[in-house]
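Text of protein_20.tsv (TSV, C-alpha atoms) as supplied:
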```tsv
chain	number	residue	atom	x	y	z
A	60	MET	CA	12.14	0.17	-148.79
A	61	ALA	CA	15.80	-0.71	-149.26
A	62	ALA	CA	17.17	-0.69	-152.78
A	63	ALA	CA	17.41	-4.18	-154.24
A	64	ALA	CA	20.66	-5.87	-153.28
A	65	VAL	CA	22.92	-7.56	-155.77
A	66	VAL	CA	21.93	-11.21	-155.41
A	67	ARG	CA	24.41	-13.97	-156.20
A	68	HIS	CA	23.12	-17.42	-157.10
A	69	ARG	CA	24.86	-20.75	-156.91
A	70	THR	CA	24.17	-24.43	-156.45
A	71	VAL	CA	26.03	-26.43	-153.81
A	72	GLU	CA	26.00	-30.06	-152.75
A	73	ALA	CA	24.76	-30.42	-149.18
A	74	ASN	CA	23.39	-33.39	-147.25
A	75	GLY	CA	23.28	-35.52	-150.38
A	76	ILE	CA	21.24	-33.10	-152.53
A	77	SER	CA	21.89	-30.11	-154.77
A	78	MET	CA	20.75	-26.88	-153.16
A	79	HIS	CA	20.15	-23.56	-154.84
A	80	VAL	CA	21.12	-20.65	-152.62
A	81	ALA	CA	20.77	-16.91	-153.11
A	82	GLU	CA	23.28	-14.67	-151.34
A	83	SER	CA	23.80	-10.96	-150.88
A	84	GLY	CA	26.11	-8.75	-148.88
A	85	PRO	CA	29.73	-9.50	-148.04
A	86	ASP	CA	31.05	-12.87	-149.12
A	87	GLY	CA	33.58	-14.20	-146.66
A	88	ASP	CA	34.33	-15.22	-143.10
A	89	GLY	CA	34.42	-11.70	-141.66
A	90	ALA	CA	30.76	-10.73	-141.94
A	91	PRO	CA	28.05	-12.09	-139.64
A	92	ALA	CA	25.74	-14.43	-141.56
A	93	VAL	CA	21.96	-14.43	-141.61
A	94	VAL	CA	20.19	-17.56	-142.91
A	95	PHE	CA	16.64	-17.08	-144.19
A	96	LEU	CA	14.26	-20.05	-144.29
A	97	HIS	CA	11.12	-19.60	-146.40
A	98	GLY	CA	7.68	-21.14	-146.02
A	99	PHE	CA	4.94	-22.73	-148.12
A	100	PRO	CA	4.52	-22.19	-151.00
A	101	GLU	CA	7.42	-19.81	-151.35
A	102	LEU	CA	11.06	-19.52	-152.41
A	103	TRP	CA	14.21	-17.69	-151.37
A	104	TYR	CA	12.61	-14.73	-153.18
A	105	SER	CA	10.24	-14.15	-150.24
A	106	TRP	CA	13.20	-12.63	-148.38
A	107	ARG	CA	14.32	-10.21	-151.12
A	108	HIS	CA	13.48	-7.12	-149.06
A	109	GLN	CA	15.15	-8.32	-145.87
A	110	MET	CA	18.24	-9.41	-147.80
A	111	ALA	CA	18.59	-5.92	-149.28
A	112	HIS	CA	18.09	-4.28	-145.88
A	113	LEU	CA	20.64	-6.41	-144.05
A	114	ALA	CA	23.18	-6.64	-146.87
A	115	ALA	CA	23.33	-2.84	-146.85
A	116	ARG	CA	24.22	-3.05	-143.16
A	117	GLY	CA	27.12	-5.44	-143.60
A	118	TYR	CA	25.47	-8.83	-143.10
A	119	ARG	CA	26.10	-11.85	-145.29
A	120	CYS	CA	22.61	-12.97	-146.31
A	121	VAL	CA	22.01	-16.61	-147.25
A	122	ALA	CA	18.59	-17.70	-148.53
A	123	PRO	CA	18.26	-21.23	-149.91
A	124	ASP	CA	15.37	-22.74	-151.76
A	125	LEU	CA	14.46	-25.45	-149.29
A	126	ARG	CA	14.40	-29.12	-150.23
A	127	GLY	CA	11.71	-29.69	-152.87
A	128	TYR	CA	11.48	-26.03	-153.89
A	129	GLY	CA	12.76	-24.01	-156.82
A	130	GLY	CA	16.30	-24.82	-157.85
A	131	THR	CA	16.92	-27.27	-155.00
A	132	ALA	CA	16.54	-31.01	-155.57
A	133	ALA	CA	13.21	-32.68	-154.82
A	134	PRO	CA	13.72	-36.29	-153.67
A	135	PRO	CA	10.79	-38.53	-154.65
A	136	ASP	CA	10.42	-40.28	-151.29
A	137	VAL	CA	7.89	-38.59	-148.99
A	138	ALA	CA	9.94	-39.60	-145.92
A	139	SER	CA	12.87	-37.56	-147.27
A	140	TYR	CA	11.13	-34.35	-146.16
A	141	SER	CA	11.31	-34.90	-142.41
A	142	ALA	CA	12.57	-32.22	-140.06
A	143	PHE	CA	15.75	-34.25	-139.58
A	144	HIS	CA	16.43	-34.09	-143.32
A	145	VAL	CA	15.69	-30.37	-143.68
A	146	VAL	CA	17.61	-29.33	-140.56
A	147	GLY	CA	20.42	-31.50	-141.90
A	148	ASP	CA	20.24	-29.56	-145.15
A	149	VAL	CA	20.65	-26.25	-143.33
A	150	VAL	CA	23.63	-27.41	-141.27
A	151	ALA	CA	25.31	-29.02	-144.30
A	152	LEU	CA	24.67	-25.87	-146.36
A	153	LEU	CA	26.47	-23.74	-143.78
A	154	ASP	CA	29.41	-26.15	-143.87
A	155	ALA	CA	29.44	-26.15	-147.69
A	156	LEU	CA	29.53	-22.34	-147.68
A	157	GLY	CA	32.35	-22.30	-145.17
A	158	ILE	CA	30.22	-20.68	-142.45
A	159	HIS	CA	31.44	-22.21	-139.21
A	160	ASN	CA	30.56	-19.46	-136.75
A	161	LYS	CA	27.10	-19.27	-135.24
A	162	VAL	CA	24.55	-17.68	-137.56
A	163	PHE	CA	21.44	-15.61	-137.18
A	164	VAL	CA	18.37	-17.51	-138.38
A	165	VAL	CA	15.17	-15.96	-139.72
A	166	GLY	CA	12.20	-18.20	-140.52
A	167	HIS	CA	8.66	-17.90	-141.81
A	168	ASP	CA	5.83	-20.46	-141.90
A	169	TRP	CA	7.41	-23.88	-142.60
A	170	GLY	CA	10.79	-22.14	-142.47
A	171	ALA	CA	9.88	-21.07	-138.93
A	172	ILE	CA	9.02	-24.66	-138.02
A	173	ILE	CA	12.38	-25.82	-139.38
A	174	ALA	CA	14.08	-23.01	-137.44
A	175	TRP	CA	12.42	-24.15	-134.19
A	176	TYR	CA	13.65	-27.69	-134.82
A	177	LEU	CA	17.12	-26.36	-135.70
A	178	CYS	CA	17.27	-24.54	-132.37
A	179	LEU	CA	16.20	-27.70	-130.54
A	180	PHE	CA	18.53	-30.08	-132.41
A	181	ARG	CA	21.58	-27.86	-133.08
A	182	PRO	CA	21.54	-24.73	-130.90
A	183	ASP	CA	25.32	-24.70	-131.18
A	184	ARG	CA	24.95	-23.35	-134.75
A	185	VAL	CA	22.57	-20.48	-133.92
A	186	ALA	CA	23.49	-17.08	-132.47
A	187	ALA	CA	19.93	-15.74	-132.36
A	188	LEU	CA	16.56	-16.44	-133.96
A	189	VAL	CA	13.88	-14.23	-135.47
A	190	ASN	CA	10.85	-16.34	-136.29
A	191	THR	CA	7.71	-15.11	-137.97
A	192	SER	CA	4.14	-16.37	-138.26
A	193	VAL	CA	4.42	-19.78	-136.55
A	194	ALA	CA	5.02	-19.86	-132.81
A	195	PHE	CA	6.67	-22.79	-131.05
A	196	MET	CA	3.84	-25.30	-130.53
A	197	ARG	CA	5.19	-28.25	-128.58
A	198	HIS	CA	2.05	-30.39	-128.99
A	199	ILE	CA	2.38	-30.07	-132.78
A	200	PHE	CA	6.16	-30.36	-133.09
A	201	VAL	CA	7.12	-32.90	-130.41
A	202	ARG	CA	5.55	-36.03	-128.94
A	203	ALA	CA	5.69	-34.99	-125.32
A	204	ALA	CA	3.23	-37.31	-123.51
A	205	ALA	CA	1.98	-40.86	-123.78
A	206	ALA	CA	-1.61	-39.67	-124.30
A	207	ALA	CA	-0.70	-37.00	-126.85
A	208	VAL	CA	-2.46	-37.03	-130.21
A	209	THR	CA	-0.67	-36.76	-133.53
A	210	PRO	CA	-0.67	-33.38	-135.26
A	211	THR	CA	-2.96	-34.61	-138.02
A	212	ASP	CA	-5.41	-36.02	-135.48
A	213	TYR	CA	-5.35	-32.70	-133.64
A	214	PHE	CA	-6.13	-30.71	-136.79
A	215	HIS	CA	-8.80	-33.21	-137.82
A	216	ARG	CA	-10.53	-32.92	-134.44
A	217	THR	CA	-10.18	-29.14	-134.31
A	218	TYR	CA	-11.04	-28.17	-137.89
A	219	GLY	CA	-12.50	-31.25	-139.54
A	220	PRO	CA	-11.41	-33.42	-142.46
A	221	THR	CA	-11.57	-30.63	-145.06
A	222	TYR	CA	-8.85	-28.61	-143.33
A	223	TYR	CA	-5.95	-28.24	-145.75
A	224	ILE	CA	-3.38	-30.00	-143.53
A	225	CYS	CA	-5.72	-33.00	-143.32
A	226	ARG	CA	-6.40	-33.04	-147.06
A	227	PHE	CA	-2.69	-32.77	-147.87
A	228	GLN	CA	-1.94	-36.14	-146.23
A	229	GLU	CA	-3.19	-38.36	-149.07
A	230	PRO	CA	-0.78	-38.42	-152.03
A	231	GLY	CA	-2.38	-37.18	-155.20
A	232	VAL	CA	-5.28	-35.29	-153.61
A	233	ALA	CA	-3.38	-32.07	-152.92
A	234	GLU	CA	-1.50	-32.39	-156.21
A	235	LYS	CA	-4.84	-32.24	-158.01
A	236	GLU	CA	-5.73	-29.04	-156.17
A	237	PHE	CA	-2.28	-27.56	-156.72
A	238	SER	CA	-1.88	-28.14	-160.42
A	239	PRO	CA	1.34	-26.64	-161.83
A	240	ALA	CA	-0.70	-25.43	-164.80
A	241	ASN	CA	-2.61	-23.15	-162.42
A	242	ALA	CA	0.44	-21.92	-160.54
A	243	GLY	CA	-0.08	-18.28	-161.48
A	244	TYR	CA	-3.69	-18.26	-160.31
A	245	LEU	CA	-2.84	-20.19	-157.14
A	246	MET	CA	0.08	-17.99	-156.17
A	247	LYS	CA	-1.89	-14.81	-156.68
A	248	ARG	CA	-4.75	-16.22	-154.63
A	249	ILE	CA	-2.50	-17.41	-151.80
A	250	LEU	CA	-0.27	-14.35	-151.60
A	251	CYS	CA	-3.27	-12.02	-151.64
A	252	ASN	CA	-4.87	-13.97	-148.78
A	253	ARG	CA	-7.72	-15.15	-150.99
A	254	PHE	CA	-6.82	-18.74	-150.17
A	255	THR	CA	-9.03	-20.51	-147.62
A	256	SER	CA	-8.07	-23.42	-145.40
A	257	SER	CA	-10.86	-25.57	-146.84
A	258	ALA	CA	-10.35	-25.07	-150.58
A	259	ALA	CA	-7.44	-24.37	-152.86
A	260	GLY	CA	-9.18	-25.13	-156.15
A	261	ASP	CA	-7.72	-27.51	-158.69
A	262	GLU	CA	-9.81	-25.95	-161.39
A	263	LYS	CA	-10.42	-22.26	-161.74
A	264	PRO	CA	-13.91	-21.39	-160.58
A	265	ALA	CA	-16.14	-19.41	-162.91
A	266	ALA	CA	-15.27	-16.18	-161.11
A	267	ALA	CA	-11.51	-16.81	-161.27
A	268	ASP	CA	-10.86	-14.62	-164.28
A	269	ALA	CA	-12.66	-11.76	-162.61
A	270	ALA	CA	-10.76	-12.40	-159.39
A	271	GLU	CA	-7.48	-12.28	-161.29
A	272	GLU	CA	-8.41	-8.82	-162.48
A	273	GLU	CA	-8.64	-7.56	-158.91
A	274	PRO	CA	-5.75	-5.18	-158.23
A	275	LEU	CA	-2.78	-6.59	-156.40
A	276	PRO	CA	-1.99	-5.17	-152.95
A	277	PRO	CA	0.66	-2.44	-153.04
A	278	TRP	CA	3.36	-4.71	-151.64
A	279	LEU	CA	3.06	-7.24	-154.49
A	280	THR	CA	3.76	-6.84	-158.22
A	281	GLU	CA	2.89	-8.94	-161.24
A	282	GLU	CA	6.63	-9.56	-161.56
A	283	ASP	CA	6.71	-10.98	-158.03
A	284	VAL	CA	3.76	-13.28	-158.72
A	285	GLY	CA	5.38	-14.32	-161.99
A	286	HIS	CA	8.63	-15.23	-160.26
A	287	PHE	CA	6.87	-17.65	-157.92
A	288	ALA	CA	4.54	-18.98	-160.61
A	289	SER	CA	7.27	-19.72	-163.13
A	290	GLU	CA	9.15	-21.86	-160.62
A	291	PHE	CA	6.10	-23.83	-159.49
A	292	GLU	CA	4.98	-24.34	-163.09
A	293	ARG	CA	8.35	-26.02	-163.60
A	294	THR	CA	8.65	-28.00	-160.35
A	295	GLY	CA	5.07	-28.59	-159.26
A	296	PHE	CA	4.01	-28.59	-155.61
A	297	THR	CA	4.62	-32.18	-154.48
A	298	GLY	CA	7.92	-31.48	-152.70
A	299	PRO	CA	6.45	-28.59	-150.69
A	300	ILE	CA	3.31	-30.57	-149.83
A	301	ASN	CA	5.48	-33.44	-148.59
A	302	TYR	CA	6.48	-31.29	-145.60
A	303	TYR	CA	2.88	-31.61	-144.36
A	304	ARG	CA	2.99	-35.36	-144.90
A	305	ASN	CA	5.86	-35.53	-142.41
A	306	MET	CA	4.18	-33.69	-139.54
A	307	ASP	CA	3.32	-36.90	-137.68
A	308	ARG	CA	6.74	-38.37	-138.46
A	309	ASN	CA	8.49	-35.22	-137.17
A	310	TRP	CA	6.39	-35.37	-134.01
A	311	GLU	CA	7.48	-38.97	-133.40
A	312	LEU	CA	11.13	-38.40	-134.27
A	313	ALA	CA	11.37	-35.39	-131.96
A	314	ALA	CA	10.21	-37.35	-128.91
A	315	ALA	CA	13.76	-37.32	-127.55
A	316	TRP	CA	13.35	-33.55	-127.17
A	317	ALA	CA	10.02	-33.86	-125.32
A	318	ASP	CA	11.14	-31.66	-122.43
A	319	ALA	CA	13.73	-29.59	-124.31
A	320	LYS	CA	13.38	-25.83	-124.45
A	321	VAL	CA	14.49	-23.27	-127.02
A	322	ARG	CA	17.14	-21.27	-125.21
A	323	VAL	CA	18.50	-19.41	-128.23
A	324	PRO	CA	17.82	-15.63	-127.97
A	325	THR	CA	14.56	-15.18	-129.88
A	326	ARG	CA	12.25	-12.51	-131.27
A	327	PHE	CA	8.85	-13.55	-132.63
A	328	ILE	CA	6.96	-11.49	-135.21
A	329	VAL	CA	3.38	-12.10	-136.36
A	330	GLY	CA	0.72	-10.14	-138.24
A	331	ASP	CA	-2.50	-9.56	-136.34
A	332	GLY	CA	-4.39	-10.89	-139.36
A	333	ASP	CA	-2.33	-14.06	-139.75
A	334	LEU	CA	-4.41	-17.24	-139.56
A	335	THR	CA	-1.68	-18.68	-137.30
A	336	TYR	CA	-2.41	-15.90	-134.77
A	337	HIS	CA	-6.00	-17.08	-134.54
A	338	TYR	CA	-5.53	-20.75	-133.74
A	339	PRO	CA	-7.62	-21.71	-130.67
A	340	GLY	CA	-5.81	-20.54	-127.54
A	341	ILE	CA	-2.70	-19.32	-129.37
A	342	GLN	CA	-2.87	-15.68	-128.25
A	343	ASP	CA	-3.13	-16.66	-124.59
A	344	TYR	CA	-0.20	-19.02	-125.11
A	345	ILE	CA	1.91	-16.33	-126.79
A	346	HIS	CA	1.14	-13.49	-124.40
A	347	LYS	CA	0.44	-15.12	-121.02
A	348	GLY	CA	3.58	-17.09	-120.28
A	349	GLY	CA	3.23	-20.42	-122.07
A	350	PHE	CA	5.38	-19.41	-125.04
A	351	GLU	CA	8.12	-18.03	-122.81
A	352	ALA	CA	8.07	-21.21	-120.70
A	353	ASP	CA	8.79	-23.28	-123.83
A	354	VAL	CA	11.19	-20.69	-125.26
A	355	PRO	CA	13.17	-19.24	-122.32
A	356	GLY	CA	15.28	-17.36	-124.85
A	357	LEU	CA	12.23	-15.36	-125.96
A	358	GLU	CA	13.09	-11.68	-125.59
A	359	SER	CA	10.20	-10.03	-127.43
A	360	VAL	CA	6.98	-10.61	-129.32
A	361	VAL	CA	6.03	-8.16	-132.07
A	362	VAL	CA	2.45	-8.11	-133.36
A	363	ILE	CA	2.19	-6.05	-136.55
A	364	PRO	CA	-1.21	-4.42	-137.13
A	365	GLY	CA	-2.74	-4.82	-140.56
A	366	ALA	CA	-0.47	-7.66	-141.62
A	367	GLY	CA	-1.56	-11.10	-142.77
A	368	HIS	CA	0.38	-14.31	-143.21
A	369	PHE	CA	3.15	-13.09	-145.55
A	370	VAL	CA	4.28	-10.50	-143.07
A	371	GLN	CA	7.86	-10.15	-144.35
A	372	GLN	CA	6.54	-9.14	-147.74
A	373	GLU	CA	3.43	-7.23	-146.66
A	374	LYS	CA	5.28	-5.07	-144.12
A	375	ALA	CA	8.79	-5.41	-145.53
A	376	ASP	CA	10.45	-2.33	-144.06
A	377	GLU	CA	8.94	-2.84	-140.62
A	378	VAL	CA	9.92	-6.50	-140.44
A	379	SER	CA	13.41	-5.80	-141.80
A	380	GLN	CA	13.98	-3.17	-139.13
A	381	HIS	CA	12.71	-5.45	-136.36
A	382	ILE	CA	15.15	-8.14	-137.52
A	383	TYR	CA	18.06	-5.71	-137.68
A	384	ASP	CA	17.28	-4.12	-134.31
A	385	PHE	CA	17.29	-7.55	-132.69
A	386	ILE	CA	20.30	-9.23	-134.26
A	387	SER	CA	22.47	-6.10	-134.11
A	388	LYS	CA	22.53	-6.46	-130.32
A	389	PHE	CA	24.65	-9.61	-130.57
```
Please, can you express the file's structure as structure tokens?
Amino acid sequence: MAAAAVVRHRTVEANGISMHVAESGPDGDGAPAVVFLHGFPELWYSWRHQMAHLAARGYRCVAPDLRGYGGTAAPPDVASYSAFHVVGDVVALLDALGIHNKVFVVGHDWGAIIAWYLCLFRPDRVAALVNTSVAFMRHIFVRAAAAAVTPTDYFHRTYGPTYYICRFQEPGVAEKEFSPANAGYLMKRILCNRFTSSAAGDEKPAAADAAEEEPLPPWLTEEDVGHFASEFERTGFTGPINYYRNMDRNWELAAAWADAKVRVPTRFIVGDGDLTYHYPGIQDYIHKGGFEADVPGLESVVVIPGAGHFVQQEKADEVSQHIYDFISKF
């Protein structure tokens, strides 16, 4: 694993909000820039290994806390977390940092969703994309037919009303489950893949203390868990959960891109144990032509054995090398 890079932190004004951004590697116009977009419930810190790997190879690494997370502002209005807002944040952040050339984009989970939208809305800002965990799913991201069902209706029909995306829709319900006071327990449970799609747990179950004594996987330390937990204890989880509350809104707003395709050069990486790799029909879509039809820029799909959802942390060296091998071609 690459030695930890020197990470610089600053706050910039972008798209009407204050954004915290972590940077490593060269600072200036000469170096190619890589923008890392994290997922739920994460922070810039999820990319620490990849930032070290690429900074050592001459790349300027830029990893913001997304809107509602960590040191970045969390607007109170649910509608302020639409894909238009968050893509706008990314573009405005690049401008604020003086990055006017095309950038490499790396996304995970919700960061991957934002990256797909970025490549639909503003492909002129992207040199190449490496997305992880969440494939391009047109029926979820874009209203593409008159008879199409909303994303929340789709998940309700497919998984039932207890599915976490369905439960997250009602303000206050998810906040009870994701209490800031339990952030340490929740983050350990989620990062260790002990989280289930039907229960997060607002109160620690009787076996929680015993569960917390289970050893962490080798890729995760108590310090790592503590970094995430301390931020969510401070900020709470409402901002992050608001992304889910905009899924139907994003789907409607993106209707103008109903037949658009992602033509940016793309590599997709997923763990074979990731829940997103086991959605109904997703493996046929990824491997039998549907994915490539929607993403003509798709150059390769990498399935990493033994990896779960947090693939960039679980298999840090492998993912870092796959990113470098791909973007170094451009």
Proximity check range 166-212 of chain A to range 227-250 of chain A, 12 Å, nearest pairs one decimal Å, all atoms listed in the file, as a tab-separated table:
```
residue	atom	partner	partner_atom	distance
A:Pro210	CA	A:Gln228	CA	11.4
A:Thr211	CA	A:Gln228	CA	8.4
A:Asp212	CA	A:Gln228	CA	11.3
```
Fewer than 5 positions away in the same chain doesn't count, so skip those; otherwise give me all residues within 8 Å of His215 in chain A, counting all atoms listed in the file, as a PDB file with C-alpha atoms, keeping the file's coordinate frame.
```
ATOM      1  CA  PRO A 220     -11.410 -33.420-142.460  1.00  0.00           C
ATOM      2  CA  TYR A 222      -8.850 -28.610-143.330  1.00  0.00           C
ATOM      3  CA  CYS A 225      -5.720 -33.000-143.320  1.00  0.00           C
TER       4      CYS A 225
END
```
task = Considering only C-alpha atoms, return as JSON, numbers by chain whatever protein or nucleic-acid residues lie within 8 Å of range 150-152 of chain A, sequence-local ones (same chain, fewer than 4 positions apart) excluded.
result = {"A": [71, 72, 73, 74, 78, 146, 156, 184]}
inquiry  = For a quick check of understanding, using only C-alpha atoms, which of A:Phe143, A:Trp103, A:Tyr223, A:Phe369 has the smallest distance to Thr131 in chain A?
reply    =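 When distances to Thr131 in chain A are compared using only C-alpha atoms, the smallest one comes from A:Trp103.
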message = Please compute the CA of Ala133 in chain A-CA of Gly295 in chain A distance, one decimal, in Å.
response = 10.1 Å
task = Would you list the residues near (6.9, -39.9, -148.5) (no more than 8 Å away, in the coordinates of the file, using only C-alpha atoms) as a PyMOL selection string?
result = chain A and resi 135-140+301+304-305
Selected residues written out with C-alpha atoms, as a tab-separated table (two decimals), in the frame of the given file:
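Printed below is part_36.tsv as written:
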```
chain	number	residue	atom	x	y	z
A	135	PRO	CA	10.79	-38.53	-154.65
A	136	ASP	CA	10.42	-40.28	-151.29
A	137	VAL	CA	7.89	-38.59	-148.99
A	138	ALA	CA	9.94	-39.60	-145.92
A	139	SER	CA	12.87	-37.56	-147.27
A	140	TYR	CA	11.13	-34.35	-146.16
A	301	ASN	CA	5.48	-33.44	-148.59
A	304	ARG	CA	2.99	-35.36	-144.90
A	305	ASN	CA	5.86	-35.53	-142.41
```
ask   = Using only C-alpha atoms, which of the listed residues (A:Val378, A:Leu96, A:Ile158, A:Ala142) sits closest to Gly170 in chain A?
value =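 Once distances to Gly170 in chain A are computed over only C-alpha atoms, the minimum belongs to A:Leu96.
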A:Ala122, A:Val354, A:Val162, A:Val145 ranked by distance to Phe389 in chain A, top pick (using only C-alpha atoms) =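 Distance minimum relative to Phe389 in chain A lands on A:Val162.
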key: Residues within 10 Å of Val121 in chain A, all atoms listed in the file, excluding chain neighbours under 2 positions, as a ChimeraX atom specification   = /A:66-68,80-84,86,92-96,103,106,110,118-119,123,152-153,156,164
Top pick for closest residue to Ala352 in chain A, considering A:Tyr302, A:Asp333, A:Cys251, A:Met196 and counting only C-alpha atoms = A:Met196
Write out as JSON an axis-aligned box for range 92-95 of chain A: all of its atoms listed in the file, 4 Å added on each side, centre and edge lengths in Å with one decimal.
```
{"center_x": 21.2, "center_y": -16.0, "center_z": -142.9, "size_x": 17.1, "size_y": 11.1, "size_z": 10.6}
```
message = Could you check which residues have any atom within 7 Å of (10.5, -34.8, -135.2), counting all atoms listed in the file with coordinates taken straight from the file, and then list them as a PyMOL selection string?
response = chain A and resi 142-143+200-201+308-314
message = Can you measure CA of Ile224 in chain A to CA of Ile300 in chain A for me? One decimal in Å is fine.
response =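 Calculated distance between CA of Ile224 in chain A and CA of Ile300 in chain A is 9.2 Å.
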request  = Rank A:Ile382, A:Ile328, A:Val189, A:Ala114 by their smallest atom-to-atom distance to Gly356 in chain A, using all atoms listed in the file, and report the top residue only.
outcome  =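 Closest candidate: A:Val189.
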query = What is the CA of Val208 in chain A to CA of Pro100 in chain A distance in Å?
reply = 26.5 Å
Keeping just N, CA and C atoms, export range 367-378 of chain A of this structure as a short mmCIF file (atom, residue, chain, number, x, y, z; two decimals), in the first residue's frame.
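Contents of out_37.cif, as written:
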```cif
data_model
loop_
_atom_site.label_atom_id
_atom_site.label_comp_id
_atom_site.auth_asym_id
_atom_site.auth_seq_id
_atom_site.Cartn_x
_atom_site.Cartn_y
_atom_site.Cartn_z
N GLY A 367 -16.34 -6.42 -1.22
CA GLY A 367 -17.72 -6.01 -0.99
C GLY A 367 -17.97 -4.62 -1.55
N HIS A 368 -18.81 -3.87 -0.84
CA HIS A 368 -19.25 -2.58 -1.36
C HIS A 368 -18.16 -1.52 -1.33
N PHE A 369 -17.34 -1.50 -0.29
CA PHE A 369 -16.34 -0.43 -0.13
C PHE A 369 -15.02 -0.85 -0.78
N VAL A 370 -15.13 -1.12 -2.06
CA VAL A 370 -14.05 -1.78 -2.79
C VAL A 370 -12.75 -0.98 -2.77
N GLN A 371 -12.84 0.35 -2.81
CA GLN A 371 -11.62 1.16 -2.87
C GLN A 371 -10.87 1.15 -1.55
N GLN A 372 -11.54 0.77 -0.48
CA GLN A 372 -10.87 0.63 0.80
C GLN A 372 -10.50 -0.84 1.06
N GLU A 373 -11.38 -1.75 0.69
CA GLU A 373 -11.15 -3.17 0.95
C GLU A 373 -9.98 -3.71 0.13
N LYS A 374 -9.89 -3.29 -1.11
CA LYS A 374 -8.84 -3.74 -2.03
C LYS A 374 -8.10 -2.52 -2.56
N ALA A 375 -7.52 -1.76 -1.64
CA ALA A 375 -7.00 -0.43 -1.98
C ALA A 375 -5.92 -0.47 -3.05
N ASP A 376 -4.93 -1.33 -2.90
CA ASP A 376 -3.83 -1.35 -3.87
C ASP A 376 -4.33 -1.76 -5.25
N GLU A 377 -5.19 -2.77 -5.28
CA GLU A 377 -5.69 -3.28 -6.55
C GLU A 377 -6.51 -2.21 -7.27
N VAL A 378 -7.40 -1.56 -6.55
CA VAL A 378 -8.22 -0.52 -7.16
C VAL A 378 -7.36 0.66 -7.60
#
```
